[in-house]
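Read through the structure below, which is laid out as structure tokens, and then see the notes.
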Amino acid sequence: MTNNRFAVAVHILSLLELMKDTRLTSEYIAGSVNTNAVVIRRIMGMLSKAGLVLTSPGVAGASLSRPVDQITLLDIYRAVQNDGHEELFAIHDKPNPDCSVGRNIQSSLEHAFSEAQQALEDKLAALTLKQITTDLASKM
């Protein structure tokens, strides 16, 4: 199953920017994302821990910690990865060591996957949340 935390995180931050004059509850955001409010609170916690949103315990609503042109998609991507160690491609960890392909596949894939991960991160670093929210605003 594909992990959609990154897309949901961008959705949340876009809502916070485009509706910044409204106090958005996790239930409201969950309705927009079409998911459970628990999922929203979990991702909000990740975004808060990464310093991208400001929240107050027991108070509905959140706000961005800095302007959208200073938040890159890479910032968001890294915020919602498991402890920052989740990679785009995972290498299966138990190939058959008695098979010549199984014995060598991990080392052959590591370099290719590492390059792909770096290319993704370079692209995300070049894009800001402002670009996403500007595009969204033009469609509303």
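Residue numbers start at 1 in each chain; chains themselves are named A, B, ... in the order of the structure tokens; ligands are numbered from 1 in the order shown.
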Show me a table, sorted first by chain and then by increasing residue number, of the residues of region 28-103 of chain A having an atom at most 9 Å from region 122-136 of chain A, each with its shortest atom pair and the distance in Å to one decimal, counting only C-alpha atoms and written as a tab-separated table.
```
residue	atom	partner	partner_atom	distance
A:Pro67	CA	A:Lys130	CA	8.2
A:Val68	CA	A:Lys130	CA	4.8
A:Asp69	CA	A:Lys130	CA	4.9
A:Gln70	CA	A:Thr128	CA	6.9
A:Ile71	CA	A:Thr128	CA	5.6
A:Thr72	CA	A:Thr128	CA	4.1
A:Leu73	CA	A:Leu124	CA	4.9
A:Leu74	CA	A:Leu124	CA	4.7
A:Asp75	CA	A:Ala125	CA	7.6
A:Ile76	CA	A:Leu129	CA	8.9
A:Tyr77	CA	A:Leu124	CA	8.0
```
Contact residues around Ile29 (chain A) with only C-alpha atoms at 10 Å, ignoring same-chain residues under 2 positions, as a PyMOL selection string = chain A and resi 8+11-13+15-16+24-27+31-37+40-41+61
Can I get the selected residues back with all heavy atoms, as a CSV table (one decimal), in the first residue's frame?
```
chain,number,residue,atom,x,y,z
A,8,VAL,N,-1.3,14.1,2.2
A,8,VAL,CA,-2.2,14.6,3.3
A,8,VAL,C,-1.6,15.8,4.0
A,8,VAL,O,-2.3,16.8,4.3
A,8,VAL,CB,-2.6,13.5,4.2
A,8,VAL,CG1,-3.4,14.1,5.4
A,8,VAL,CG2,-3.4,12.4,3.5
A,11,HIS,N,-1.9,18.8,1.9
A,11,HIS,CA,-3.3,19.2,1.9
A,11,HIS,C,-3.6,20.0,3.2
A,11,HIS,O,-4.2,21.1,3.1
A,11,HIS,CB,-4.2,17.9,1.9
A,11,HIS,CG,-5.6,18.2,1.7
A,11,HIS,ND1,-6.4,17.3,0.9
A,11,HIS,CD2,-6.5,19.1,2.2
A,11,HIS,CE1,-7.7,17.8,1.0
A,11,HIS,NE2,-7.7,18.8,1.7
A,12,ILE,N,-3.2,19.5,4.3
A,12,ILE,CA,-3.4,20.2,5.6
A,12,ILE,C,-2.8,21.6,5.6
A,12,ILE,O,-3.4,22.6,6.0
A,12,ILE,CB,-2.8,19.3,6.8
A,12,ILE,CG1,-3.6,18.1,7.0
A,12,ILE,CG2,-2.7,20.2,8.1
A,12,ILE,CD1,-2.9,17.1,7.9
A,13,LEU,N,-1.5,21.7,5.2
A,13,LEU,CA,-0.8,22.9,5.2
A,13,LEU,C,-1.4,23.9,4.2
A,13,LEU,O,-1.5,25.1,4.5
A,13,LEU,CB,0.7,22.8,5.0
A,13,LEU,CG,1.4,21.9,6.0
A,13,LEU,CD1,2.9,21.7,5.6
A,13,LEU,CD2,1.4,22.6,7.4
A,15,LEU,N,-4.6,24.0,3.4
A,15,LEU,CA,-5.9,24.4,4.0
A,15,LEU,C,-5.5,25.5,5.1
A,15,LEU,O,-6.2,26.6,5.1
A,15,LEU,CB,-6.5,23.3,4.8
A,15,LEU,CG,-7.6,22.5,4.0
A,15,LEU,CD1,-8.0,21.3,4.8
A,15,LEU,CD2,-8.8,23.4,3.7
A,16,LEU,N,-4.5,25.3,5.9
A,16,LEU,CA,-4.2,26.3,6.9
A,16,LEU,C,-3.8,27.6,6.3
A,16,LEU,O,-4.1,28.7,6.8
A,16,LEU,CB,-3.0,25.8,7.8
A,16,LEU,CG,-3.3,24.6,8.7
A,16,LEU,CD1,-2.0,24.1,9.4
A,16,LEU,CD2,-4.4,24.9,9.6
A,24,LEU,N,-9.5,26.1,12.0
A,24,LEU,CA,-9.9,24.8,11.5
A,24,LEU,C,-9.7,23.7,12.5
A,24,LEU,O,-8.6,23.6,13.1
A,24,LEU,CB,-9.0,24.5,10.2
A,24,LEU,CG,-9.1,25.6,9.1
A,24,LEU,CD1,-8.2,25.1,8.0
A,24,LEU,CD2,-10.5,25.7,8.6
A,25,THR,N,-10.7,23.0,12.8
A,25,THR,CA,-10.6,21.8,13.7
A,25,THR,C,-10.1,20.6,12.9
A,25,THR,O,-10.1,20.6,11.7
A,25,THR,CB,-12.0,21.4,14.3
A,25,THR,OG1,-12.8,21.0,13.2
A,25,THR,CG2,-12.6,22.6,15.0
A,26,SER,N,-9.6,19.6,13.6
A,26,SER,CA,-9.1,18.4,12.9
A,26,SER,C,-10.3,17.7,12.2
A,26,SER,O,-10.1,17.1,11.2
A,26,SER,CB,-8.4,17.5,13.9
A,26,SER,OG,-9.2,17.2,15.0
A,27,GLU,N,-11.5,17.9,12.8
A,27,GLU,CA,-12.7,17.3,12.1
A,27,GLU,C,-12.9,18.0,10.8
A,27,GLU,O,-13.3,17.3,9.8
A,27,GLU,CB,-13.9,17.4,13.0
A,27,GLU,CG,-13.9,16.5,14.2
A,27,GLU,CD,-13.0,16.9,15.3
A,27,GLU,OE1,-12.5,18.1,15.4
A,27,GLU,OE2,-12.6,16.0,16.2
A,31,GLY,N,-12.6,16.3,7.1
A,31,GLY,CA,-13.7,16.3,6.1
A,31,GLY,C,-13.1,16.7,4.7
A,31,GLY,O,-13.5,16.1,3.7
A,32,SER,N,-12.2,17.6,4.7
A,32,SER,CA,-11.6,18.1,3.4
A,32,SER,C,-10.7,17.0,2.8
A,32,SER,O,-10.8,16.7,1.6
A,32,SER,CB,-10.8,19.3,3.6
A,32,SER,OG,-10.2,19.7,2.4
A,33,VAL,N,-10.0,16.3,3.7
A,33,VAL,CA,-9.1,15.2,3.2
A,33,VAL,C,-9.9,13.9,3.0
A,33,VAL,O,-9.4,13.1,2.2
A,33,VAL,CB,-8.0,15.0,4.3
A,33,VAL,CG1,-7.1,13.8,3.9
A,33,VAL,CG2,-7.1,16.2,4.5
A,34,ASN,N,-11.1,13.8,3.6
A,34,ASN,CA,-11.9,12.6,3.5
A,34,ASN,C,-11.2,11.5,4.2
A,34,ASN,O,-11.0,10.4,3.7
A,34,ASN,CB,-12.2,12.3,2.0
A,34,ASN,CG,-13.5,11.4,2.0
A,34,ASN,OD1,-14.3,11.4,2.9
A,34,ASN,ND2,-13.6,10.6,0.9
A,35,THR,N,-10.8,11.7,5.5
A,35,THR,CA,-10.2,10.7,6.3
A,35,THR,C,-10.7,10.9,7.7
A,35,THR,O,-11.6,11.8,8.0
A,35,THR,CB,-8.7,10.8,6.2
A,35,THR,OG1,-8.1,9.6,6.8
A,35,THR,CG2,-8.1,12.0,6.9
A,36,ASN,N,-10.2,10.2,8.6
A,36,ASN,CA,-10.5,10.3,10.1
A,36,ASN,C,-9.7,11.4,10.7
A,36,ASN,O,-8.6,11.6,10.4
A,36,ASN,CB,-10.2,8.9,10.7
A,36,ASN,CG,-10.8,8.8,12.1
A,36,ASN,OD1,-10.3,9.5,13.0
A,36,ASN,ND2,-11.7,7.9,12.3
A,37,ALA,N,-10.4,12.1,11.7
A,37,ALA,CA,-9.7,13.2,12.4
A,37,ALA,C,-8.5,12.7,13.2
A,37,ALA,O,-7.5,13.4,13.3
A,37,ALA,CB,-10.7,13.8,13.4
A,40,ILE,N,-5.6,13.0,10.9
A,40,ILE,CA,-5.2,14.4,10.8
A,40,ILE,C,-4.4,14.8,12.0
A,40,ILE,O,-3.3,15.5,11.9
A,40,ILE,CB,-6.4,15.3,10.6
A,40,ILE,CG1,-7.2,15.0,9.4
A,40,ILE,CG2,-6.0,16.8,10.7
A,40,ILE,CD1,-6.3,15.0,8.1
A,41,ARG,N,-4.8,14.5,13.2
A,41,ARG,CA,-4.1,14.8,14.4
A,41,ARG,C,-2.7,14.2,14.5
A,41,ARG,O,-1.7,14.9,14.9
A,41,ARG,CB,-4.9,14.5,15.7
A,41,ARG,CG,-6.1,15.4,15.9
A,41,ARG,CD,-6.8,15.2,17.2
A,41,ARG,NE,-7.6,14.0,17.3
A,41,ARG,CZ,-8.8,13.8,16.9
A,41,ARG,NH1,-9.5,14.9,16.4
A,41,ARG,NH2,-9.4,12.7,17.1
A,61,GLY,N,-7.4,24.4,16.2
A,61,GLY,CA,-6.8,25.2,15.2
A,61,GLY,C,-5.3,25.2,15.2
A,61,GLY,O,-4.7,24.7,16.2
```
Write out as a PDB file with N, CA, C and O atoms, in the first residue's frame all residues of chain A that backbone DSSP assigns to strand (DSSP E).
```pdb
ATOM      1  N   VAL A  53       4.137  23.791  11.856  1.00  0.00           N
ATOM      2  CA  VAL A  53       2.883  24.370  12.334  1.00  0.00           C
ATOM      3  C   VAL A  53       2.990  24.688  13.811  1.00  0.00           C
ATOM      4  O   VAL A  53       3.775  24.082  14.541  1.00  0.00           O
ATOM      5  N   LEU A  54       2.170  25.649  14.222  1.00  0.00           N
ATOM      6  CA  LEU A  54       2.079  26.024  15.634  1.00  0.00           C
ATOM      7  C   LEU A  54       0.705  25.596  16.124  1.00  0.00           C
ATOM      8  O   LEU A  54      -0.309  25.896  15.483  1.00  0.00           O
ATOM      9  N   THR A  55       0.684  24.862  17.228  1.00  0.00           N
ATOM     10  CA  THR A  55      -0.572  24.424  17.829  1.00  0.00           C
ATOM     11  C   THR A  55      -0.539  24.738  19.316  1.00  0.00           C
ATOM     12  O   THR A  55       0.529  24.933  19.889  1.00  0.00           O
ATOM     13  N   SER A  56      -1.722  24.776  19.904  1.00  0.00           N
ATOM     14  CA  SER A  56      -1.844  24.961  21.350  1.00  0.00           C
ATOM     15  C   SER A  56      -2.660  23.801  21.900  1.00  0.00           C
ATOM     16  O   SER A  56      -3.771  23.559  21.420  1.00  0.00           O
ATOM     17  N   VAL A  59      -6.651  23.602  22.307  1.00  0.00           N
ATOM     18  CA  VAL A  59      -7.262  24.687  21.541  1.00  0.00           C
ATOM     19  C   VAL A  59      -7.349  24.259  20.077  1.00  0.00           C
ATOM     20  O   VAL A  59      -6.357  23.848  19.483  1.00  0.00           O
ATOM     21  N   ALA A  60      -8.550  24.350  19.523  1.00  0.00           N
ATOM     22  CA  ALA A  60      -8.733  23.977  18.122  1.00  0.00           C
ATOM     23  C   ALA A  60      -7.980  24.941  17.220  1.00  0.00           C
ATOM     24  O   ALA A  60      -7.893  26.130  17.486  1.00  0.00           O
ATOM     25  N   GLY A  61      -7.442  24.414  16.173  1.00  0.00           N
ATOM     26  CA  GLY A  61      -6.782  25.247  15.180  1.00  0.00           C
ATOM     27  C   GLY A  61      -5.269  25.170  15.247  1.00  0.00           C
ATOM     28  O   GLY A  61      -4.693  24.746  16.239  1.00  0.00           O
ATOM     29  N   ALA A  62      -4.672  25.548  14.160  1.00  0.00           N
ATOM     30  CA  ALA A  62      -3.215  25.590  14.031  1.00  0.00           C
ATOM     31  C   ALA A  62      -2.890  26.670  13.022  1.00  0.00           C
ATOM     32  O   ALA A  62      -3.752  27.131  12.280  1.00  0.00           O
ATOM     33  N   SER A  63      -1.647  27.055  12.984  1.00  0.00           N
ATOM     34  CA  SER A  63      -1.197  28.031  11.998  1.00  0.00           C
ATOM     35  C   SER A  63       0.184  27.626  11.510  1.00  0.00           C
ATOM     36  O   SER A  63       0.908  26.883  12.183  1.00  0.00           O
ATOM     37  N   LEU A  64       0.526  28.129  10.358  1.00  0.00           N
ATOM     38  CA  LEU A  64       1.852  27.850   9.811  1.00  0.00           C
ATOM     39  C   LEU A  64       2.887  28.608  10.635  1.00  0.00           C
ATOM     40  O   LEU A  64       2.645  29.735  11.070  1.00  0.00           O
TER      41      LEU A  64
END
```
request  = Determine the nearest neighbour of Phe89 (chain A) from the options A:Ser48, A:Asn3, A:Ser138, A:Ser65, counting only C-alpha atoms.
outcome  =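 Using only C-alpha atoms, the shortest distance to Phe89 (chain A) belongs to A:Asn3.
Atom pair CA of Ala112 (chain A) / CA of Phe6 (chain A): separated by 22.5 Å.
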ask   = From the set A:Leu47, A:Ala137, A:Ala9, A:Ile91, which residue has the shortest atom-to-atom contact distance to Ser108 (chain A), counting only C-alpha atoms?
value =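 Distance minimum relative to Ser108 (chain A) lands on A:Ile91.
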